[in-house]
Every structure is written in structure tokens, then in C-alpha cells.
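A.B. asks: Please see the structure below; I have some questions.
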Amino acid sequence: MQLSIIIPVYKVEDYIDKCLQSIVDGSRKSVGKFEVIIVDDGSPDRSGKIADSFAQKYSFMRVIHKQNAGVAAARNTGMEEACGEWLYFVDSDDWLGQNAVDIICERAKQTLDADILFFDAWQNVGEEQKPWNHFSKECVWEEKEDIRRLQRGMLYFPMVDKKLKVPLAAPWDKVYRRSFLAEKDICFQSGLKVLDDMVFNMEAFGAASRIVYYKDKIYHYRYVPDSITNQYKAKRLEQDCAVWKYLRSYMDSAWQQEDWSNQEKEAFLQAYYCRIVKSFSICTRLQFFHKNNPMGLSKQIQYVKKVLRSEPYYEAFHKARFRNAEWRLKVMLLVGRLRFGYGVYMLYIGQSCMGRK
């Protein structure tokens, strides 16, 4: 078995049919070389039944029904059940590109000594389709310094190259050697309710010895503005803080176990700080000033000022360097450093207006 495709499923009855059909259509040359493991994470809609109907029709598909425990736990379940030499994680509201499975299997056959294969994709917003290109040309990374640059790019992608226009942290544009993940004991952190895919890739890239990047566009990422990932999150800040605590522990452990230069440590810290500031900015939309937040505006602003005085936000806003931040983030960095709560609100309003245009 060359490839295991793992698909966590939850409340995607409007999308899963297209996702699964794209795998069927993109694997004409690879039948017998791959399997599809669909993990129904206790979905209350028809998603599980639709998956079952595909599994009954195609022998390379199987469905695991389990109680809801989150996407990270669902992906881990798929990893435990997988038999393929390579693992590929697909989100069930997206779909694969033309001949994607055939392309992955062929690239995996060509690349026997890599730990991770890295690809390009498409971003789809309604009827509009944009290329999701990471780098200008195909590349192989083997030097530790280069791989660590990619690793901190999982946290904050401009730290790799200011010319980059798309994030690096998604799992669906990468294929992982299963034995490599098992040997390094890398899995998705089910205790983290947000950014678990970012953490997974940061750990995977940090442990990898060889990463190969291909320009094939194998995936269609569907961006839905009103999706669950863009709805009100009353506990988003709390969930973010669990990630920051985990990352800080990871850094301390990595720096004790391996030889990191002071320059590499500082660069990683800068990525960490910028990621915190960026997530704080996201919280203005998903929590602080969301229309469903029951607090009035005055209390919302006071809460924001309280957060800016707390750790790790105080440290991040004061130690992140302006030159490392994207231009929009530079303004948030300045306003947050001054603990100007109303200024944070005005930035949120400005960003919301720009998003509606």
C-alpha cells in the first residue's frame, strides 16, 4: 500500500460527496496502491451515511464511526488505522485536483528518501479560483538551517520569505512518510482545540531530515466566509493560550535536546511572537468584537486592554520586531503595544470594512 488518505468528517453533508468523488476521479492509474480512511467524528447530519455509500461502492474506501472528539483526534484515529507508506490528510469540505492521487503516488515513487512531500494547491472562494503557490520553483531542503527556517514558517510564514503570499501550516498540501511520523512519535495534539495542524507541521518539519517541494497543484481549498471556523468563539483566547503554552514547552525542550544557535532561537521566538499577535488580531473578529459577544462595547474594550496586560500577549507585543510583521500586523503591533483598546476596535472595524469589499 503506497498511500493512505485520511479524511475527518463532521457536518459536511453539502460538501463530502464532491470531496470523495474527486478522489475517485483522480486515481484512475493508482487503484490498488492507495486506501481512503474516512473518520466520521460523530457527525449529526448525513455526512456519515454519504461516506458509507461511497465505501459500499469502492473497495479502497472504509469508514470509521466514532464519538465526537475533534478533528485532531479524528486524524490520529486515521493514522492508527493506516497501512500506506505515505499519509495524506484531506479536509472533507475541500476536494482534490485533477489526477491528484495519481500525481502523489508517482511523486512518492520518485522520492524514496524524503520524510515530507510538499505541494501547491488552489484556493476557491465561491466561483473564483486562485493559485496557492508557496515558492517560485521546486526545491529540496536537507540542511538543518534551511529546514528550521521552514519550521518557523509553520508558525508565521513571512519569517521564511517576505515574498510569500500564502501560509504554510495546512496539512492538505503535504504528504508524510508514515514510518517517519511513527519513529519521531509525531501526531496531532488532541488537547489543542485550535491551531493543532500548525503545531503538527511545526513538529514534523522540525524532525524531518529531507523535504521535497513539487509545483503540482493537487488540492482545492474551499474558503467559506460564514463557515464554522469564522463563527463566534467565546473561548478562542483561552484555546489560543493553550497553544502558546504548548509551543513554549516545545521550544524549551528542543533547545535543550539539540544544538540551536542564538540566531536560530531568536528567529523562532520572533515567529512565535508574531503568531501570537496575529492570533490576537483574529480574536478581535471571532471573539472580542463579534456581534454575538454579549458584552457591551465599553466592556469589550476593557477586556482587550486586560488581555494586552497579560502574558504571553504583553511579551509578544513588546518583543516582536516591526520588520518581521506583515504591514497590517505592524499597525496592530503598535496599537497593542500602547494598550490602546479603542484603537484595537477601530482596526477591527477597518479590517471588517475591507473584508466586505
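Starting from 1 in every chain, residues are counted up; chains themselves are A, B, ... following the order of the C-alpha cells, and ligands are numbered from 1 as listed.
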As a PyMOL selection string, which residues of stretch 39-190 of chain A does DSSP assign to strand (DSSP E or B)?
C.D. replies: chain A and resi 39-41+61-66+86-89+95-96+116-125+128-132+139-141+174-177
A.B. asks: Go ahead and write the residues just picked, C-alpha atoms, as a PDB file, in the first residue's frame.
C.D. replies:
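Generated output (part-v4.pdb):
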```pdb
ATOM      1  CA  VAL A  39     -13.307   9.080  10.076  1.00  0.00           C
ATOM      2  CA  ASP A  40     -16.868  10.090  10.935  1.00  0.00           C
ATOM      3  CA  ASP A  41     -16.325  12.162  14.078  1.00  0.00           C
ATOM      4  CA  MET A  61     -12.660   3.297   0.933  1.00  0.00           C
ATOM      5  CA  ARG A  62     -13.651   2.474   4.506  1.00  0.00           C
ATOM      6  CA  VAL A  63     -15.447   4.436   7.199  1.00  0.00           C
ATOM      7  CA  ILE A  64     -14.746   4.573  10.924  1.00  0.00           C
ATOM      8  CA  HIS A  65     -17.628   5.901  13.028  1.00  0.00           C
ATOM      9  CA  LYS A  66     -16.646   7.313  16.415  1.00  0.00           C
ATOM     10  CA  TRP A  86       2.684   7.695   2.945  1.00  0.00           C
ATOM     11  CA  LEU A  87      -0.090   9.611   4.742  1.00  0.00           C
ATOM     12  CA  TYR A  88      -2.177  12.381   3.213  1.00  0.00           C
ATOM     13  CA  PHE A  89      -4.770  14.399   5.157  1.00  0.00           C
ATOM     14  CA  TRP A  95     -11.675  18.469  -2.974  1.00  0.00           C
ATOM     15  CA  LEU A  96      -8.664  17.109  -4.834  1.00  0.00           C
ATOM     16  CA  ILE A 116       7.749  15.034   3.698  1.00  0.00           C
ATOM     17  CA  LEU A 117       6.499  15.906   0.217  1.00  0.00           C
ATOM     18  CA  PHE A 118       5.258  19.470  -0.225  1.00  0.00           C
ATOM     19  CA  PHE A 119       2.843  20.594  -2.988  1.00  0.00           C
ATOM     20  CA  ASP A 120       0.907  23.601  -4.297  1.00  0.00           C
ATOM     21  CA  ALA A 121      -2.862  23.957  -4.435  1.00  0.00           C
ATOM     22  CA  TRP A 122      -5.805  26.141  -5.437  1.00  0.00           C
ATOM     23  CA  GLN A 123      -7.855  28.429  -3.216  1.00  0.00           C
ATOM     24  CA  ASN A 124     -11.542  28.597  -4.118  1.00  0.00           C
ATOM     25  CA  VAL A 125     -13.775  31.449  -2.923  1.00  0.00           C
ATOM     26  CA  GLU A 128     -13.299  32.435  -8.030  1.00  0.00           C
ATOM     27  CA  GLN A 129     -10.174  30.269  -8.112  1.00  0.00           C
ATOM     28  CA  LYS A 130      -6.695  31.479  -7.203  1.00  0.00           C
ATOM     29  CA  PRO A 131      -3.361  29.626  -7.297  1.00  0.00           C
ATOM     30  CA  TRP A 132      -1.974  28.656  -3.881  1.00  0.00           C
ATOM     31  CA  CYS A 139      13.233  22.562  -4.218  1.00  0.00           C
ATOM     32  CA  VAL A 140      14.825  20.046  -1.848  1.00  0.00           C
ATOM     33  CA  TRP A 141      15.646  21.014   1.725  1.00  0.00           C
ATOM     34  CA  LYS A 174       1.804  17.891   2.295  1.00  0.00           C
ATOM     35  CA  VAL A 175       2.329  14.114   2.271  1.00  0.00           C
ATOM     36  CA  TYR A 176       4.145  12.469   5.174  1.00  0.00           C
ATOM     37  CA  ARG A 177       6.125   9.236   5.336  1.00  0.00           C
TER      38      ARG A 177
END
```
A.B. asks: If we count only C-alpha atoms, what is near A:Gln98 at a cut-off of 9 Å, once residues fewer than 3 positions away on the same chain are taken out, given as a list in words?
C.D. replies: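 Within the cut-off, the hits are Ser22, Asp25, Gly26, Val101, Ile103, Lys217, Ile218 and Tyr219 of chain A.
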A.B. asks: Using DSSP on the backbone coordinates, identify the residues of stretch 74-186 of chain A assigned to alpha helix (DSSP H); present them as a PyMOL selection string.
C.D. replies: chain A and resi 74-81+100-110+144-155+178-183
A.B. asks: Please determine, counting only C-alpha atoms, which residue among A:Asp17, A:Arg323, A:Tyr348, A:Asp173 has the shortest atom-to-atom distance to A:Tyr221.
C.D. replies: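 Among the listed residues, the smallest separation from A:Tyr221 belongs to A:Asp173.
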A.B. asks: Considering only C-alpha atoms, state which residue in the set A:Lys233, A:Arg337, A:Arg149, A:Glu326 is at the smallest distance from A:Gln263.
C.D. replies: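 Nearest candidate to A:Gln263 out of A:Lys233, A:Arg337, A:Arg149, A:Glu326: A:Arg149.
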A.B. asks: Excluding A:Tyr156 and any residue of its chain fewer than 2 positions from it, enumerate the residues within 10 Å of it, using only C-alpha atoms, and give them as a list in words.
C.D. replies: Leu150, Gln151, Arg152, Gly153, Met154, Pro158, Met159, Val160, Pro167, Leu168, Ala169, Met198, Phe268, Gln270, Ala271, Tyr272, Tyr273, Cys274, Arg275, Ile276, Lys278, Asn324, Ala325 and Glu326 of chain A
A.B. asks: Could those residues be written to a file, using N, CA, C and O atoms, as a CSV table (one decimal), in the first residue's frame?
C.D. replies:
```csv
chain,number,residue,atom,x,y,z
A,150,LEU,N,12.0,26.8,7.5
A,150,LEU,CA,10.6,26.3,7.1
A,150,LEU,C,9.8,26.0,8.4
A,150,LEU,O,8.6,26.3,8.4
A,151,GLN,N,10.4,25.5,9.4
A,151,GLN,CA,9.7,25.1,10.6
A,151,GLN,C,9.1,26.3,11.3
A,151,GLN,O,7.9,26.3,11.6
A,152,ARG,N,9.9,27.4,11.4
A,152,ARG,CA,9.3,28.6,12.0
A,152,ARG,C,8.3,29.3,11.0
A,152,ARG,O,7.4,30.0,11.5
A,153,GLY,N,8.4,29.0,9.7
A,153,GLY,CA,7.4,29.4,8.8
A,153,GLY,C,6.0,28.8,9.0
A,153,GLY,O,5.0,29.3,8.6
A,154,MET,N,6.0,27.6,9.7
A,154,MET,CA,4.7,27.0,10.0
A,154,MET,C,4.0,27.9,11.0
A,154,MET,O,2.8,27.9,11.1
A,158,PRO,N,5.8,34.7,6.9
A,158,PRO,CA,6.7,35.7,6.4
A,158,PRO,C,8.1,35.5,7.0
A,158,PRO,O,9.1,36.1,6.4
A,159,MET,N,8.3,34.7,8.0
A,159,MET,CA,9.6,34.5,8.6
A,159,MET,C,10.5,33.7,7.7
A,159,MET,O,11.7,33.6,7.8
A,160,VAL,N,9.9,33.0,6.7
A,160,VAL,CA,10.6,32.2,5.7
A,160,VAL,C,11.1,33.2,4.6
A,160,VAL,O,12.3,33.2,4.2
A,167,PRO,N,0.0,31.0,3.5
A,167,PRO,CA,0.5,30.3,4.7
A,167,PRO,C,1.1,28.9,4.4
A,167,PRO,O,0.8,28.4,3.3
A,168,LEU,N,1.9,28.4,5.3
A,168,LEU,CA,2.5,27.1,5.1
A,168,LEU,C,1.9,26.0,6.0
A,168,LEU,O,2.3,24.8,5.8
A,169,ALA,N,1.1,26.3,7.0
A,169,ALA,CA,0.8,25.4,8.1
A,169,ALA,C,-0.3,24.3,7.8
A,169,ALA,O,-0.5,23.5,8.6
A,198,MET,N,-1.2,23.5,12.7
A,198,MET,CA,0.0,24.3,12.7
A,198,MET,C,1.1,23.7,13.6
A,198,MET,O,2.3,23.6,13.2
A,268,PHE,N,13.2,31.9,15.9
A,268,PHE,CA,12.0,31.1,16.2
A,268,PHE,C,11.1,31.9,17.2
A,268,PHE,O,9.9,31.9,17.1
A,270,GLN,N,10.8,35.1,17.4
A,270,GLN,CA,10.1,36.2,16.6
A,270,GLN,C,8.9,35.6,15.8
A,270,GLN,O,7.9,36.2,15.8
A,271,ALA,N,9.0,34.4,15.3
A,271,ALA,CA,7.9,33.8,14.7
A,271,ALA,C,6.8,33.5,15.7
A,271,ALA,O,5.6,33.7,15.4
A,272,TYR,N,7.2,33.0,16.8
A,272,TYR,CA,6.2,32.8,17.9
A,272,TYR,C,5.5,34.1,18.4
A,272,TYR,O,4.3,34.1,18.5
A,273,TYR,N,6.3,35.2,18.5
A,273,TYR,CA,5.7,36.4,18.9
A,273,TYR,C,4.7,36.9,17.9
A,273,TYR,O,3.6,37.4,18.2
A,274,CYS,N,5.1,36.9,16.6
A,274,CYS,CA,4.3,37.4,15.5
A,274,CYS,C,3.0,36.5,15.4
A,274,CYS,O,1.9,37.1,15.1
A,275,ARG,N,3.1,35.2,15.6
A,275,ARG,CA,2.0,34.4,15.5
A,275,ARG,C,1.0,34.7,16.6
A,275,ARG,O,-0.3,34.7,16.4
A,276,ILE,N,1.5,35.1,17.8
A,276,ILE,CA,0.6,35.5,18.9
A,276,ILE,C,-0.1,36.7,18.6
A,276,ILE,O,-1.4,36.9,18.8
A,278,LYS,N,-0.8,37.9,15.6
A,278,LYS,CA,-1.7,37.6,14.5
A,278,LYS,C,-3.0,36.9,15.1
A,278,LYS,O,-4.1,37.3,14.7
A,324,ASN,N,9.6,42.2,11.1
A,324,ASN,CA,9.2,40.8,10.8
A,324,ASN,C,7.7,40.7,10.6
A,324,ASN,O,7.3,39.6,10.1
A,325,ALA,N,6.9,41.7,10.8
A,325,ALA,CA,5.5,41.6,10.7
A,325,ALA,C,5.0,42.1,9.3
A,325,ALA,O,5.6,43.0,8.7
A,326,GLU,N,3.9,41.5,8.9
A,326,GLU,CA,3.2,42.0,7.7
A,326,GLU,C,2.7,43.4,7.9
A,326,GLU,O,2.5,43.8,9.1
```
A.B. asks: What lies within 9 Å of A:Gly42 using only C-alpha atoms, ignoring chain neighbours under 6 positions off, as a PyMOL selection string?
C.D. replies: chain A and resi 9-10+48+65-69
A.B. asks: Take the residues just selected and output them with all heavy atoms as a PDB file, in the first residue's frame.
C.D. replies:
```pdb
ATOM      1  N   VAL A   9     -14.432  13.756   9.198  1.00  0.00           N
ATOM      2  CA  VAL A   9     -15.740  14.203   8.698  1.00  0.00           C
ATOM      3  C   VAL A   9     -16.601  14.685   9.860  1.00  0.00           C
ATOM      4  O   VAL A   9     -16.792  13.970  10.850  1.00  0.00           O
ATOM      5  CB  VAL A   9     -16.452  13.043   7.961  1.00  0.00           C
ATOM      6  CG1 VAL A   9     -17.898  13.383   7.674  1.00  0.00           C
ATOM      7  CG2 VAL A   9     -15.715  12.707   6.663  1.00  0.00           C
ATOM      8  N   TYR A  10     -17.130  15.905   9.708  1.00  0.00           N
ATOM      9  CA  TYR A  10     -18.070  16.434  10.702  1.00  0.00           C
ATOM     10  C   TYR A  10     -18.884  17.563  10.064  1.00  0.00           C
ATOM     11  O   TYR A  10     -18.331  18.561   9.613  1.00  0.00           O
ATOM     12  CB  TYR A  10     -17.333  16.963  11.938  1.00  0.00           C
ATOM     13  CG  TYR A  10     -18.265  17.353  13.069  1.00  0.00           C
ATOM     14  CD1 TYR A  10     -18.866  16.375  13.859  1.00  0.00           C
ATOM     15  CD2 TYR A  10     -18.564  18.685  13.314  1.00  0.00           C
ATOM     16  CE1 TYR A  10     -19.732  16.720  14.881  1.00  0.00           C
ATOM     17  CE2 TYR A  10     -19.432  19.043  14.339  1.00  0.00           C
ATOM     18  CZ  TYR A  10     -20.006  18.051  15.120  1.00  0.00           C
ATOM     19  OH  TYR A  10     -20.890  18.393  16.144  1.00  0.00           O
ATOM     20  N   GLY A  48     -21.937  10.947   7.585  1.00  0.00           N
ATOM     21  CA  GLY A  48     -21.514   9.564   7.787  1.00  0.00           C
ATOM     22  C   GLY A  48     -22.195   8.608   6.824  1.00  0.00           C
ATOM     23  O   GLY A  48     -21.563   7.672   6.304  1.00  0.00           O
ATOM     24  N   HIS A  65     -16.686   5.047  12.305  1.00  0.00           N
ATOM     25  CA  HIS A  65     -17.628   5.901  13.028  1.00  0.00           C
ATOM     26  C   HIS A  65     -17.207   5.957  14.498  1.00  0.00           C
ATOM     27  O   HIS A  65     -17.004   4.919  15.133  1.00  0.00           O
ATOM     28  CB  HIS A  65     -19.050   5.355  12.913  1.00  0.00           C
ATOM     29  CG  HIS A  65     -19.573   5.305  11.499  1.00  0.00           C
ATOM     30  ND1 HIS A  65     -20.088   6.408  10.863  1.00  0.00           N
ATOM     31  CD2 HIS A  65     -19.634   4.279  10.612  1.00  0.00           C
ATOM     32  CE1 HIS A  65     -20.466   6.065   9.635  1.00  0.00           C
ATOM     33  NE2 HIS A  65     -20.194   4.773   9.457  1.00  0.00           N
ATOM     34  N   LYS A  66     -17.067   7.157  15.029  1.00  0.00           N
ATOM     35  CA  LYS A  66     -16.646   7.313  16.415  1.00  0.00           C
ATOM     36  C   LYS A  66     -17.356   8.492  17.062  1.00  0.00           C
ATOM     37  O   LYS A  66     -17.960   9.318  16.372  1.00  0.00           O
ATOM     38  CB  LYS A  66     -15.124   7.526  16.487  1.00  0.00           C
ATOM     39  CG  LYS A  66     -14.637   8.779  15.770  1.00  0.00           C
ATOM     40  CD  LYS A  66     -13.119   8.885  15.764  1.00  0.00           C
ATOM     41  CE  LYS A  66     -12.554   9.197  17.131  1.00  0.00           C
ATOM     42  NZ  LYS A  66     -12.943  10.537  17.627  1.00  0.00           N
ATOM     43  N   GLN A  67     -17.271   8.563  18.386  1.00  0.00           N
ATOM     44  CA  GLN A  67     -17.846   9.697  19.097  1.00  0.00           C
ATOM     45  C   GLN A  67     -17.044  10.954  18.798  1.00  0.00           C
ATOM     46  O   GLN A  67     -15.840  10.899  18.559  1.00  0.00           O
ATOM     47  CB  GLN A  67     -17.856   9.435  20.605  1.00  0.00           C
ATOM     48  CG  GLN A  67     -18.852   8.378  21.051  1.00  0.00           C
ATOM     49  CD  GLN A  67     -18.917   8.252  22.568  1.00  0.00           C
ATOM     50  OE1 GLN A  67     -18.004   8.653  23.279  1.00  0.00           O
ATOM     51  NE2 GLN A  67     -20.016   7.710  23.065  1.00  0.00           N
ATOM     52  N   ASN A  68     -17.740  12.073  18.834  1.00  0.00           N
ATOM     53  CA  ASN A  68     -17.088  13.337  18.527  1.00  0.00           C
ATOM     54  C   ASN A  68     -15.985  13.662  19.526  1.00  0.00           C
ATOM     55  O   ASN A  68     -16.189  13.632  20.734  1.00  0.00           O
ATOM     56  CB  ASN A  68     -18.129  14.473  18.525  1.00  0.00           C
ATOM     57  CG  ASN A  68     -17.493  15.822  18.261  1.00  0.00           C
ATOM     58  OD1 ASN A  68     -17.332  16.624  19.166  1.00  0.00           O
ATOM     59  ND2 ASN A  68     -17.121  16.062  17.011  1.00  0.00           N
ATOM     60  N   ALA A  69     -14.783  13.931  18.996  1.00  0.00           N
ATOM     61  CA  ALA A  69     -13.644  14.272  19.851  1.00  0.00           C
ATOM     62  C   ALA A  69     -12.772  15.342  19.209  1.00  0.00           C
ATOM     63  O   ALA A  69     -11.701  15.660  19.724  1.00  0.00           O
ATOM     64  CB  ALA A  69     -12.816  13.034  20.151  1.00  0.00           C
TER      65      ALA A  69
END
```
A.B. asks: Find the residue from A:Glu266, A:Asp102, A:Asp216, A:Asp91 that sits nearest to A:Val71; use only C-alpha atoms when measuring.
C.D. replies: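 Under the stated criterion, the closest residue is A:Asp91.
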A.B. asks: Find the residue from A:Gln257, A:Gln351, A:Gln231, A:Ser249 that sits nearest to A:Asn292; use only C-alpha atoms when measuring.
C.D. replies: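 Using only C-alpha atoms, the shortest distance to A:Asn292 belongs to A:Gln231.
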A.B. asks: Quote the spacing between atom CA of A:Ser190 and atom CA of A:Glu203 in Å to one decimal place.
C.D. replies: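 It comes out at 14.3 Å.
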A.B. asks: Of the candidates A:Arg178, A:Val331, A:Cys241, A:Glu145, which shows the shortest atom-to-atom distance to A:Ser261, using only C-alpha atoms?
C.D. replies: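 Nearest to A:Ser261: A:Glu145.
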A.B. asks: Using only C-alpha atoms, which of the listed residues (A:Lys144, A:Arg248, A:Lys291, A:Lys184) sits closest to A:Ile211?
C.D. replies: A:Lys144
A.B. asks: Have a look at atom CA of A:Gln302 and atom CA of A:Phe322 and let me know their distance in Å, one decimal.
C.D. replies: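 Atom-to-atom, atom CA of A:Gln302 to atom CA of A:Phe322, that is 25.2 Å.
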A.B. asks: At a cut-off of 6 Å, using only C-alpha atoms, what residues contact A:Arg210? Leave out same-chain residues fewer than 2 positions from it and give the result as a PyMOL selection string.
C.D. replies: chain A and resi 114-115+141-142+208
A.B. asks: Counting only C-alpha atoms, what is within 7 Å of A:Phe317, bar same-chain residues fewer than 6 positions away, as a PyMOL selection string?
C.D. replies: chain A and resi 277+333+336-337
A.B. asks: Take the residues from that selection and put them in a file with C-alpha atoms, as a JSON list (two decimals), in the first residue's frame.
C.D. replies:
```json
[["chain", "number", "residue", "atom", "x", "y", "z"],
["A", 277, "VAL", "CA", -0.04, 38.98, 17.65],
["A", 333, "LEU", "CA", 1.53, 45.66, 16.92],
["A", 336, "GLY", "CA", -1.37, 46.75, 21.13],
["A", 337, "ARG", "CA", 2.00, 47.87, 22.46]]
```
A.B. asks: Can you pull out every residue within 8 Å of A:Arg148, counting only C-alpha atoms, but drop anything in the same chain fewer than 5 positions away, and send it as an mmCIF file with N, CA and C atoms, in the first residue's frame?
C.D. replies:
```cif
data_model
loop_
_atom_site.group_PDB
_atom_site.id
_atom_site.type_symbol
_atom_site.label_atom_id
_atom_site.label_comp_id
_atom_site.auth_asym_id
_atom_site.auth_seq_id
_atom_site.Cartn_x
_atom_site.Cartn_y
_atom_site.Cartn_z
ATOM 1 N N PHE A 205 8.101 19.219 10.603
ATOM 2 C CA PHE A 205 9.197 19.847 9.858
ATOM 3 C C PHE A 205 10.446 19.945 10.728
ATOM 4 N N GLY A 206 10.263 20.161 12.040
ATOM 5 C CA GLY A 206 11.415 20.232 12.927
ATOM 6 C C GLY A 206 12.161 18.923 13.046
ATOM 7 N N GLU A 264 19.204 31.305 15.604
ATOM 8 C CA GLU A 264 18.051 30.455 15.294
ATOM 9 C C GLU A 264 16.999 30.547 16.385
#
```
